[in-house]
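Q: start.cif is the file, holding mmCIF, C-alpha atoms and all ligand atoms:
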data_my_file
#
loop_
_atom_site.label_atom_id
_atom_site.label_comp_id
_atom_site.auth_asym_id
_atom_site.auth_seq_id
_atom_site.Cartn_x
_atom_site.Cartn_y
_atom_site.Cartn_z
CA MET C 1 7.95 -29.25 6.40
CA PRO C 2 8.75 -26.11 4.41
CA THR C 3 6.30 -23.28 4.87
CA LEU C 4 4.65 -21.13 2.25
CA VAL C 5 2.62 -17.96 2.77
CA MET C 6 -0.22 -17.36 0.28
CA LYS C 7 -2.22 -14.13 0.52
CA PHE C 8 -5.53 -13.66 -1.26
CA GLY C 9 -6.81 -10.11 -1.75
CA GLY C 10 -10.42 -8.94 -1.78
CA THR C 11 -11.29 -9.81 -5.37
CA SER C 12 -9.76 -13.29 -4.94
CA VAL C 13 -12.20 -14.09 -2.11
CA ALA C 14 -15.16 -12.03 -3.33
CA THR C 15 -17.53 -15.00 -3.62
CA LEU C 16 -17.68 -18.58 -2.36
CA ASP C 17 -16.79 -19.69 -5.86
CA ARG C 18 -13.60 -17.66 -5.78
CA ILE C 19 -12.79 -18.86 -2.29
CA ARG C 20 -13.09 -22.40 -3.65
CA ARG C 21 -10.78 -21.54 -6.49
CA ALA C 22 -8.22 -20.05 -4.09
CA ALA C 23 -8.58 -23.07 -1.78
CA LYS C 24 -7.73 -25.36 -4.72
CA ARG C 25 -4.45 -23.53 -5.18
CA VAL C 26 -3.73 -23.91 -1.49
CA GLY C 27 -4.59 -27.61 -1.72
CA ARG C 28 -2.08 -28.05 -4.53
CA GLU C 29 0.71 -26.50 -2.45
CA VAL C 30 -0.22 -28.77 0.46
CA ALA C 31 0.02 -31.73 -1.94
CA ASN C 32 3.45 -30.38 -2.97
CA GLY C 33 4.54 -30.87 0.63
CA TYR C 34 4.17 -27.39 2.12
CA ASP C 35 2.60 -26.32 5.35
CA VAL C 36 0.69 -23.24 4.24
CA ILE C 37 -0.20 -20.03 6.01
CA VAL C 38 -3.05 -18.41 4.11
CA ILE C 39 -3.69 -14.73 4.72
CA VAL C 40 -7.08 -13.48 3.60
CA SER C 41 -8.54 -10.04 2.97
CA ALA C 42 -12.20 -9.19 3.40
CA MET C 43 -14.45 -9.85 0.39
CA SER C 44 -13.96 -7.00 -2.09
CA GLY C 45 -16.00 -3.93 -1.22
CA GLU C 46 -16.59 -5.15 2.32
CA THR C 47 -14.00 -2.99 4.09
CA ASN C 48 -15.20 0.10 2.22
CA LYS C 49 -18.75 -0.65 3.33
CA LEU C 50 -17.67 -1.01 6.98
CA VAL C 51 -15.64 2.22 6.83
CA GLY C 52 -18.76 3.91 5.42
CA PHE C 53 -20.84 2.73 8.38
CA VAL C 54 -18.30 4.10 10.84
CA GLU C 55 -18.11 7.46 9.07
CA GLU C 56 -21.89 7.74 9.16
CA THR C 57 -21.79 7.70 12.96
CA GLY C 58 -19.94 11.03 13.09
CA SER C 59 -16.77 12.69 11.85
CA PHE C 60 -14.52 12.48 14.92
CA TYR C 61 -15.02 8.84 15.83
CA ASP C 62 -13.09 6.67 18.31
CA ALA C 63 -10.35 4.88 16.34
CA ARG C 64 -10.56 1.85 18.64
CA GLU C 65 -14.14 1.26 17.59
CA TYR C 66 -13.29 1.96 13.94
CA ASP C 67 -10.83 -0.95 14.19
CA ALA C 68 -13.38 -3.16 15.95
CA VAL C 69 -15.75 -2.64 13.03
CA VAL C 70 -13.49 -2.60 9.96
CA SER C 71 -11.41 -5.62 11.03
CA SER C 72 -14.49 -7.83 10.95
CA GLY C 73 -14.57 -8.41 7.17
CA GLU C 74 -11.45 -10.57 7.38
CA ASN C 75 -12.97 -12.75 10.11
CA VAL C 76 -15.68 -13.89 7.72
CA THR C 77 -13.33 -14.86 4.88
CA ALA C 78 -10.89 -16.61 7.25
CA GLY C 79 -13.65 -18.87 8.56
CA LEU C 80 -15.07 -19.49 5.08
CA MET C 81 -11.64 -20.36 3.68
CA ALA C 82 -11.01 -22.84 6.53
CA LEU C 83 -14.43 -24.44 5.96
CA THR C 84 -13.80 -24.69 2.21
CA LEU C 85 -10.41 -26.35 2.78
CA GLN C 86 -11.93 -28.79 5.26
CA GLU C 87 -14.54 -29.70 2.63
CA MET C 88 -11.59 -30.61 0.39
CA ASP C 89 -10.16 -32.80 3.17
CA VAL C 90 -7.30 -30.42 3.86
CA PRO C 91 -6.77 -30.05 7.63
CA ALA C 92 -7.23 -26.32 8.17
CA ARG C 93 -8.04 -23.94 11.01
CA SER C 94 -8.76 -20.19 11.03
CA TRP C 95 -7.06 -17.66 13.26
CA GLN C 96 -8.06 -14.11 14.05
CA GLY C 97 -5.25 -11.67 14.80
CA TRP C 98 -5.70 -11.81 18.58
CA GLN C 99 -5.59 -15.61 18.60
CA VAL C 100 -2.15 -15.82 16.97
CA PRO C 101 -1.54 -13.35 18.70
CA LEU C 102 -0.31 -10.80 16.15
CA LEU C 103 1.05 -8.09 18.46
CA THR C 104 0.95 -4.50 17.24
CA THR C 105 1.44 -0.97 18.50
CA SER C 106 -1.67 0.86 19.72
CA ALA C 107 -1.75 3.28 16.76
CA HIS C 108 -5.31 2.38 15.81
CA ALA C 109 -6.14 2.30 12.07
CA SER C 110 -2.42 2.36 11.21
CA ALA C 111 -0.85 0.01 13.75
CA ARG C 112 2.58 -1.50 13.16
CA ILE C 113 3.37 -5.14 13.77
CA GLU C 114 5.69 -5.66 16.73
CA GLU C 115 5.86 -9.42 16.99
CA ILE C 116 4.31 -12.63 15.73
CA PRO C 117 4.84 -15.50 18.18
CA THR C 118 4.96 -18.74 16.19
CA ASP C 119 4.29 -21.27 18.97
CA ASN C 120 0.51 -21.55 18.68
CA ILE C 121 0.42 -22.12 14.94
CA ASN C 122 3.55 -24.29 14.86
CA GLY C 123 2.02 -26.41 17.62
CA LYS C 124 -0.99 -27.06 15.38
CA PHE C 125 1.21 -27.82 12.37
CA ALA C 126 3.01 -30.38 14.56
CA GLU C 127 -0.35 -31.96 15.35
CA GLY C 128 -1.15 -32.40 11.65
CA MET C 129 -2.91 -29.18 10.68
CA ARG C 130 -1.67 -28.31 7.17
CA VAL C 131 -3.14 -24.86 6.64
CA ALA C 132 -3.44 -21.95 9.06
CA VAL C 133 -5.87 -19.43 7.62
CA VAL C 134 -5.14 -16.06 9.21
CA ALA C 135 -7.37 -13.00 9.01
CA GLY C 136 -5.21 -10.28 7.45
CA PHE C 137 -5.09 -6.59 8.33
CA GLN C 138 -5.71 -7.05 12.08
CA GLY C 139 -3.82 -7.50 15.32
CA ILE C 140 -4.00 -6.77 19.02
CA SER C 141 -2.58 -3.80 20.92
CA PRO C 142 -0.67 -3.93 24.23
CA GLU C 143 -3.95 -2.78 25.81
CA GLY C 144 -5.68 -5.86 24.44
CA ARG C 145 -7.78 -4.03 21.84
CA ILE C 146 -8.19 -5.04 18.20
CA THR C 147 -6.06 -2.95 15.83
CA THR C 148 -5.83 -2.66 12.03
CA LEU C 149 -2.74 -2.04 9.92
CA GLY C 150 -4.02 0.63 7.51
CA ARG C 151 -5.75 0.08 4.16
CA GLY C 152 -4.19 -2.70 2.15
CA GLY C 153 -2.70 -4.06 5.38
CA SER C 154 -3.21 -7.74 4.58
CA ASP C 155 -0.14 -7.56 2.33
CA THR C 156 1.87 -6.58 5.40
CA THR C 157 0.32 -9.35 7.47
CA ALA C 158 1.45 -11.80 4.79
CA VAL C 159 5.05 -10.60 4.59
CA ALA C 160 5.33 -10.42 8.38
CA PHE C 161 4.17 -14.04 8.66
CA ALA C 162 6.63 -15.10 5.96
CA ALA C 163 9.44 -13.45 7.93
CA ALA C 164 8.32 -14.83 11.31
CA PHE C 165 7.93 -18.40 10.02
CA GLY C 166 10.93 -18.35 7.70
CA ALA C 167 8.64 -19.17 4.77
CA GLU C 168 10.20 -20.24 1.50
CA ARG C 169 8.14 -17.61 -0.32
CA CYS C 170 5.34 -15.11 0.15
CA ASP C 171 2.88 -15.20 -2.75
CA ILE C 172 0.46 -12.28 -3.04
CA TYR C 173 -2.52 -13.32 -5.17
CA THR C 174 -4.47 -10.42 -6.61
CA ASP C 175 -6.58 -9.36 -9.59
CA VAL C 176 -3.62 -8.49 -11.85
CA ASP C 177 -0.92 -10.96 -12.86
CA GLY C 178 1.96 -8.97 -11.39
CA VAL C 179 3.47 -5.54 -10.92
CA TYR C 180 3.16 -3.42 -14.05
CA THR C 181 5.03 -0.37 -15.32
CA THR C 182 1.93 1.54 -14.27
CA ASP C 183 -1.61 0.73 -13.19
CA PRO C 184 -3.00 -1.36 -16.09
CA ARG C 185 -6.35 0.35 -15.51
CA ILE C 186 -4.85 3.63 -16.74
CA THR C 187 -3.19 2.42 -19.93
CA SER C 188 -3.36 -0.79 -21.91
CA LYS C 189 0.30 -0.20 -22.77
CA ALA C 190 1.31 -0.99 -19.18
CA ARG C 191 3.76 -3.91 -19.22
CA LYS C 192 4.12 -6.62 -16.62
CA LEU C 193 7.55 -6.72 -15.02
CA ASP C 194 9.17 -10.10 -14.36
CA LYS C 195 11.24 -8.59 -11.57
CA ILE C 196 11.34 -5.30 -9.70
CA SER C 197 13.78 -4.17 -7.02
CA PHE C 198 12.65 -3.65 -3.44
CA GLU C 199 13.69 0.02 -3.65
CA GLU C 200 11.60 0.73 -6.74
CA MET C 201 8.60 -1.20 -5.43
CA LEU C 202 8.85 0.69 -2.16
CA GLU C 203 8.74 4.04 -3.98
CA LEU C 204 5.94 2.97 -6.34
CA ALA C 205 3.86 1.71 -3.41
CA SER C 206 4.38 4.79 -1.29
CA LEU C 207 3.58 7.02 -4.27
CA GLY C 208 0.23 5.37 -4.81
CA ALA C 209 0.58 2.00 -6.63
CA LYS C 210 -1.73 0.09 -4.35
CA VAL C 211 -0.79 -3.36 -5.65
CA LEU C 212 1.29 -3.77 -2.46
CA GLN C 213 1.04 -1.89 0.83
CA THR C 214 4.22 0.15 1.37
CA ARG C 215 4.95 -1.38 4.74
CA SER C 216 4.86 -4.90 3.26
CA VAL C 217 7.66 -3.99 0.87
CA GLU C 218 9.66 -2.43 3.70
CA LEU C 219 9.38 -5.65 5.71
CA ALA C 220 10.22 -7.86 2.73
CA MET C 221 13.34 -5.79 2.11
CA ARG C 222 14.41 -5.84 5.74
CA TYR C 223 13.91 -9.59 6.24
CA ASN C 224 14.80 -10.60 2.68
CA VAL C 225 11.46 -12.29 2.07
CA ARG C 226 11.02 -13.79 -1.41
CA LEU C 227 7.97 -11.79 -2.43
CA ARG C 228 5.92 -12.58 -5.51
CA VAL C 229 2.80 -10.87 -6.89
CA LEU C 230 0.57 -12.97 -9.12
CA SER C 231 -2.96 -13.46 -10.35
CA SER C 232 -5.40 -15.76 -8.61
CA PHE C 233 -7.33 -16.07 -11.88
CA GLU C 234 -4.62 -17.57 -14.06
CA GLU C 235 -3.22 -21.06 -14.22
CA MET C 236 -0.36 -21.79 -11.84
CA SER C 237 3.19 -21.84 -13.13
CA ASP C 238 6.55 -21.53 -11.42
CA ASN C 239 7.68 -18.28 -12.99
CA ALA C 240 4.34 -16.50 -13.10
CA GLY C 241 3.88 -13.04 -11.70
CA THR C 242 6.48 -10.52 -10.59
CA LEU C 243 9.30 -11.23 -8.20
CA VAL C 244 10.17 -8.34 -5.88
CA CYS C 245 13.87 -8.81 -5.20
CA ALA C 246 17.25 -7.23 -4.51
CA GLU C 247 18.66 -4.86 -7.11
CA GLU C 248 21.62 -7.20 -7.73
CA ASP C 249 19.27 -9.91 -8.98
CA ILE C 250 18.06 -7.79 -11.89
CA MET C 251 20.25 -7.75 -15.00
CA GLU C 252 18.69 -5.09 -17.20
CA SER C 253 16.17 -2.43 -16.43
CA ASN C 254 14.86 0.81 -17.87
CA VAL C 255 16.02 4.11 -16.40
CA VAL C 256 12.44 4.64 -15.31
CA ALA C 257 10.84 1.46 -13.95
CA GLY C 258 7.32 2.76 -13.51
CA VAL C 259 4.82 5.57 -13.18
CA ALA C 260 2.65 5.89 -10.08
CA TYR C 261 -0.21 8.19 -9.24
CA SER C 262 -2.20 9.24 -6.26
CA ARG C 263 -5.58 10.68 -7.14
CA GLU C 264 -6.91 12.08 -3.88
CA GLU C 265 -4.35 14.74 -3.03
CA ALA C 266 -4.80 18.28 -1.75
CA LYS C 267 -2.51 21.28 -1.93
CA MET C 268 -2.68 23.58 1.06
CA THR C 269 -1.08 27.01 1.26
CA LEU C 270 -0.62 29.03 4.41
CA GLN C 271 -0.42 32.63 3.27
CA SER C 272 1.82 35.21 4.89
CA VAL C 273 3.50 33.34 7.70
CA GLU C 274 6.43 34.92 9.47
CA ASP C 275 9.79 33.92 7.96
CA ARG C 276 11.70 33.16 11.17
CA PRO C 277 13.60 30.26 12.77
CA GLY C 278 11.14 27.69 14.11
CA ILE C 279 8.23 28.51 11.83
CA ALA C 280 8.32 25.16 10.02
CA ALA C 281 8.39 23.33 13.35
CA ALA C 282 5.46 25.44 14.60
CA ILE C 283 3.42 24.49 11.51
CA PHE C 284 4.35 20.86 10.89
CA GLY C 285 4.50 19.82 14.55
CA PRO C 286 0.76 20.35 15.12
CA LEU C 287 -0.03 18.79 11.71
CA ALA C 288 1.88 15.65 12.66
CA GLU C 289 0.15 15.52 16.03
CA ALA C 290 -3.20 15.77 14.28
CA GLY C 291 -2.25 12.73 12.18
CA VAL C 292 -1.98 14.64 8.90
CA ASN C 293 0.34 12.84 6.47
CA VAL C 294 2.16 15.76 4.92
CA ASP C 295 4.01 14.83 1.76
CA MET C 296 5.44 17.64 -0.37
CA ILE C 297 6.54 20.90 1.25
CA VAL C 298 7.51 24.15 -0.45
CA GLN C 299 8.47 27.36 1.29
CA ASN C 300 8.21 30.31 -1.06
CA ILE C 301 10.55 33.29 -1.17
CA SER C 302 10.35 35.77 1.60
CA ASP C 303 8.73 39.14 0.99
CA GLY C 304 9.14 41.71 3.74
CA GLY C 305 9.83 39.00 6.31
CA MET C 306 6.69 37.08 5.35
CA THR C 307 6.44 33.91 3.28
CA ASP C 308 3.89 31.41 1.96
CA MET C 309 4.18 27.78 3.01
CA THR C 310 2.69 25.14 0.72
CA PHE C 311 2.26 21.46 1.52
CA SER C 312 0.31 18.50 0.19
CA CYS C 313 -1.68 15.87 2.07
CA PRO C 314 -4.45 13.37 1.28
CA VAL C 315 -7.81 15.04 0.53
CA GLY C 316 -9.40 13.14 3.40
CA GLU C 317 -7.12 14.91 5.88
CA VAL C 318 -7.84 18.49 4.80
CA ALA C 319 -10.43 19.10 7.54
CA ARG C 320 -8.01 17.86 10.19
CA ALA C 321 -5.21 20.01 8.77
CA GLU C 322 -7.44 23.09 8.77
CA LYS C 323 -8.45 22.49 12.37
CA ALA C 324 -4.84 21.95 13.50
CA MET C 325 -3.78 25.22 11.85
CA ALA C 326 -6.74 27.16 13.24
CA ASP C 327 -5.97 25.83 16.74
CA ALA C 328 -2.28 26.73 16.45
CA LYS C 329 -3.26 30.24 15.34
CA ALA C 330 -5.74 30.62 18.19
CA ALA C 331 -3.03 29.51 20.64
CA GLY C 332 -0.75 32.22 19.25
CA ASP C 333 1.87 29.71 18.03
CA ILE C 334 1.63 30.79 14.40
CA GLY C 335 0.09 33.61 12.44
CA PHE C 336 -1.16 33.52 8.84
CA ALA C 337 -3.37 35.60 6.60
CA GLY C 338 -5.25 32.70 5.05
CA LEU C 339 -5.25 28.97 4.42
CA VAL C 340 -6.09 28.04 0.84
CA ALA C 341 -6.97 24.42 0.08
CA ASP C 342 -6.88 23.17 -3.52
CA THR C 343 -8.61 19.80 -3.31
CA ASP C 344 -8.60 19.08 -7.06
CA VAL C 345 -5.03 17.90 -7.47
CA ALA C 346 -3.31 14.57 -8.06
CA LYS C 347 0.28 13.43 -7.74
CA VAL C 348 2.08 11.71 -10.60
CA SER C 349 5.53 10.22 -10.08
CA ILE C 350 8.20 8.45 -12.09
CA VAL C 351 10.42 5.94 -10.30
CA GLY C 352 13.63 4.18 -11.28
CA ILE C 353 16.99 3.31 -9.78
CA GLY C 354 18.51 4.19 -13.17
CA MET C 355 17.94 7.85 -12.28
CA ARG C 356 20.91 7.67 -9.95
CA SER C 357 23.24 7.50 -12.93
CA HIS C 358 21.25 9.23 -15.69
CA ALA C 359 20.96 12.98 -16.00
CA GLY C 360 17.98 14.70 -17.62
CA VAL C 361 15.21 12.41 -16.44
CA ALA C 362 13.36 15.17 -14.56
CA ALA C 363 13.80 17.57 -17.49
CA LYS C 364 12.26 14.99 -19.83
CA MET C 365 9.33 14.58 -17.47
CA PHE C 366 8.70 18.33 -17.39
CA GLN C 367 9.00 18.63 -21.20
CA THR C 368 6.52 15.80 -21.65
CA LEU C 369 3.99 17.52 -19.38
CA ARG C 370 4.58 20.83 -21.14
CA ASP C 371 3.87 19.21 -24.53
CA GLU C 372 0.54 17.99 -23.13
CA GLY C 373 -0.24 21.46 -21.75
CA VAL C 374 -0.25 20.22 -18.15
CA ASN C 375 0.71 22.80 -15.55
CA ILE C 376 2.93 21.64 -12.67
CA LYS C 377 1.98 23.02 -9.25
CA VAL C 378 4.58 21.46 -6.96
CA ILE C 379 7.67 19.32 -7.64
CA THR C 380 9.67 17.06 -5.34
CA THR C 381 12.54 14.76 -6.13
CA SER C 382 14.63 12.12 -4.44
CA GLU C 383 17.46 9.95 -5.68
CA ILE C 384 15.16 7.55 -7.53
CA LYS C 385 11.91 9.47 -8.11
CA VAL C 386 10.38 12.70 -9.34
CA SER C 387 6.85 13.66 -8.28
CA VAL C 388 4.64 16.46 -9.49
CA LEU C 389 1.32 17.79 -8.30
CA ILE C 390 -1.06 18.62 -11.16
CA ASP C 391 -4.77 19.26 -11.71
CA ARG C 392 -6.62 16.01 -11.11
CA LYS C 393 -8.39 16.15 -14.48
CA TYR C 394 -5.03 15.69 -16.26
CA MET C 395 -3.89 12.75 -14.16
CA GLU C 396 -4.63 9.92 -16.62
CA LEU C 397 -3.29 11.95 -19.51
CA ALA C 398 -0.06 12.64 -17.63
CA VAL C 399 0.45 8.99 -16.67
CA GLN C 400 -0.11 7.86 -20.27
CA ALA C 401 2.16 10.54 -21.73
CA LEU C 402 4.99 9.76 -19.30
CA HIS C 403 4.61 6.03 -19.91
CA ASP C 404 5.04 6.71 -23.65
CA ALA C 405 7.84 9.24 -23.25
CA PHE C 406 10.01 6.88 -21.21
CA GLY C 407 9.28 3.94 -23.52
CA LEU C 408 7.94 1.75 -20.74
CA GLU C 409 5.89 -0.51 -23.00
CA LYS C 410 9.17 -2.09 -24.13
CA ALA C 411 11.69 -3.91 -21.94
CA ALA C 412 15.23 -2.50 -21.74
P1 LIG C 501 -6.10 -6.81 -3.54
O1 LIG C 501 -7.55 -6.64 -3.22
O2 LIG C 501 -5.80 -8.14 -4.17
O3 LIG C 501 -5.19 -6.48 -2.40
P2 LIG C 501 -5.60 -4.22 -4.71
O4 LIG C 501 -6.79 -3.60 -5.34
O5 LIG C 501 -5.21 -3.75 -3.37
O6 LIG C 501 -5.80 -5.79 -4.73
O7 LIG C 501 -4.33 -4.06 -5.66
C1 LIG C 501 -4.39 -4.49 -7.01
C2 LIG C 501 -4.66 -3.30 -7.93
O8 LIG C 501 -3.54 -2.42 -7.90
C3 LIG C 501 -4.78 -3.65 -9.40
O9 LIG C 501 -6.10 -4.02 -9.73
C4 LIG C 501 -4.35 -2.37 -10.10
O10 LIG C 501 -5.45 -1.61 -10.56
C5 LIG C 501 -3.65 -1.57 -9.01
N1 LIG C 501 -2.30 -1.11 -9.41
C6 LIG C 501 -1.84 0.15 -9.25
N2 LIG C 501 -0.60 0.26 -9.72
C7 LIG C 501 -0.24 -0.95 -10.19
C8 LIG C 501 0.94 -1.47 -10.80
N3 LIG C 501 2.01 -0.70 -11.02
N4 LIG C 501 0.96 -2.77 -11.14
C9 LIG C 501 -0.11 -3.56 -10.92
N5 LIG C 501 -1.26 -3.13 -10.35
C10 LIG C 501 -1.34 -1.84 -9.99
N1 LIG C 502 -9.51 -5.38 3.70
C1 LIG C 502 -8.52 -4.37 3.99
C2 LIG C 502 -8.64 -3.23 3.01
O1 LIG C 502 -9.47 -3.26 2.12
C3 LIG C 502 -7.13 -4.92 4.02
C4 LIG C 502 -6.65 -5.55 2.74
O2 LIG C 502 -7.45 -5.98 1.91
O3 LIG C 502 -5.44 -5.63 2.55
O4 LIG C 502 -7.93 -2.27 3.13
MG MG C 503 -4.50 -4.64 -1.60
#
Could the structure of this file be written out as structure tokens, please?
Ligand code: ADP
Ligand code: ASP
Ligand code: MG
A:
Amino acid sequence: MPTLVMKFGGTSVATLDRIRRAAKRVGREVANGYDVIVIVSAMSGETNKLVGFVEETGSFYDAREYDAVVSSGENVTAGLMALTLQEMDVPARSWQGWQVPLLTTSAHASARIEEIPTDNINGKFAEGMRVAVVAGFQGISPEGRITTLGRGGSDTTAVAFAAAFGAERCDIYTDVDGVYTTDPRITSKARKLDKISFEEMLELASLGAKVLQTRSVELAMRYNVRLRVLSSFEEMSDNAGTLVCAEEDIMESNVVAGVAYSREEAKMTLQSVEDRPGIAAAIFGPLAEAGVNVDMIVQNISDGGMTDMTFSCPVGEVARAEKAMADAKAAGDIGFAGLVADTDVAKVSIVGIGMRSHAGVAAKMFQTLRDEGVNIKVITTSEIKVSVLIDRKYMELAVQALHDAFGLEKAA
């Protein structure tokens, strides 16, 4: 029988009522003749609560135990979904990551999926089971410990299962009815896209649009998974939601496809570091080892052989970055006069494959921000995106102004 993967996010399984509603959708696909792999998230708010408990135990906790705790939310919803399906006379069984087993690296809290053996679940399908409900977000390391895939990781579980089982489609059910030109919570002018290219979705996700985890888009692109984002609250229809697909399958699109933001950013500046070969390696090596996700980097002009080095990272990693730099200084690997952390910044980005062939997109972005009186602190660009770091208090304003300036409320 053809296989379908259906993933339900936190809000879609937040109560037993909603689990029942999701289970009805699954039941309909079973009636349509599919074997279904359901991937569930924890009930909404649950993972945050568990992370909070772990953080209360101390600031430098053991990541293996963090994973043991925060993976548990998904176990509850997997069991409840299986029970609900059984109540509806749909043969269903739940699976935790280790039971599949979903094999990952041992990078706790941000593990990568290495392999998903299909034998166990296919064996059960052959025996008449119609739905495998799999706890998202979790796996097992080569050492036999429970791992998690990073926040939002159930999306990646879903796409990886779709690839491993050769599913006809991977449907991501969430609380919005598709991928929008920007987060619909920021502007009511945000427009739902019928289709978006893998490349653009990848950029939007990695720049902060949390509707899909970045890694899930990477996997979908690599294994050519038919990936759809749709609402679990609306009636089912065949062309609902947004299809994430190859660029060639999209006829017309705007130069800028969307605006993304990331609220919790920090800008760090190392003052007066020596301007010599190897200095960047001496700074960013230890930061990488400390697990700091450095994003933007700017090296300022040299003055008397000294320079300032500025970089951005998530606010939550500032303490780790400061410690890594202090340690490197104490070890004599680098010298600097001061480390200034600006923790009140946000990143706003515009993304679009049309930028490859259109000049002036960045200039228009900067003019728009100027007209709103928003100061730009750091800029980075790539072939299909421009990102700026600005004061956090202007973030919403900037997103709305850019959405207007690039005419995103209207289709091309
Ligand atoms: P789930 O719990 O179902 O995984 P998430 O909260 O992780 O849901 O992702 C859905 C949310 O992503 C939406 O509620 C929306 O606020 C946010 N979002 C951010 N950017 C976008 C975008 N471009 N299109 C749609 N939703 C977006
Ligand atoms: N429950 C996890 C989280 O909140 C994984 C997910 O929902 O995708 O990050
Ligand atoms: Mg999510």
Q: Residues around (-3.0, -14.3, 6.5), cut-off 7 Å, counting all atoms listed in the file - what are they as a PyMOL selection string?
A: chain C and resi 7+37-40+133-136+154+157-158
Q: Can you tell me how far atom C6 of ligand LIG 501 (chain C) sits from atom CA of C:Val292, in Å to one decimal?
A: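 That distance, rounded to one decimal, is 23.2 Å.
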Q: Quick one: of C:Phe336, C:Tyr261, C:Phe125, C:Phe137, who's nearest to ligand MG 503 (chain C), counting all atoms listed in the file?
A: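 Under the stated criterion, the closest residue is C:Phe137.
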Q: In Å, with one decimal, what is the gap from atom CA of C:Ala346 to atom O7 of ligand LIG 501 (chain C)?
A: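 Atom CA of C:Ala346 sits 18.8 Å away from atom O7 of ligand LIG 501 (chain C).
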Q: Neighbours of ligand MG 503 (chain C) at 8 Å or closer, counting only C-alpha atoms and all ligand atoms: which residues, as a list in words?
A: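 Within the 8 Å cut-off, the matching residues are Gly9, Gly10, Arg151, Gly152, Gly153, Ser154, Asp155, Thr174, Lys210, Val211, Leu212 and Gln213 of chain C.
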Q: What lies within 9 Å of C:Ala68 using only C-alpha atoms, ignoring chain neighbours under 5 positions off, as a PyMOL selection string?
A: chain C and resi 63+145-148
Q: Give, as lines of an AutoDock Vina configuration file, the centre coordinates and the x, y and z edge lengths in Å to one decimal for an axis-aligned box around all listed atoms of ligand LIG 502 (chain C), padded by 8 Å on each side.
A:
center_x = -7.5
center_y = -4.1
center_z = 3.0
size_x = 20.1
size_y = 19.7
size_z = 18.1
Q: Quick one, how far is atom CA of C:Met1 from atom CA of C:Gly139?
A: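 So the two atoms, atom CA of C:Met1 and atom CA of C:Gly139, lie 26.3 Å apart.
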Q: Using only C-alpha atoms, pick whichever of C:Asp333, C:Gly52, C:Val30, C:Asp175 has the shortest atom-to-atom distance to C:Met88.
A: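 Residue with the minimum atom-to-atom distance to C:Met88: C:Val30.
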Q: Which is closest to ligand LIG 502 (chain C) among C:Ser387, C:Thr118, C:Thr156, C:Thr84, if we use only C-alpha atoms and all ligand atoms?
A: C:Thr156
Q: Here is a test: counting only C-alpha atoms and all ligand atoms, which residue of C:Glu46, C:Asp183, C:Glu322, C:Asp295 is nearest to ligand LIG 501 (chain C)?
A: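 Under the stated criterion, the closest residue is C:Asp183.
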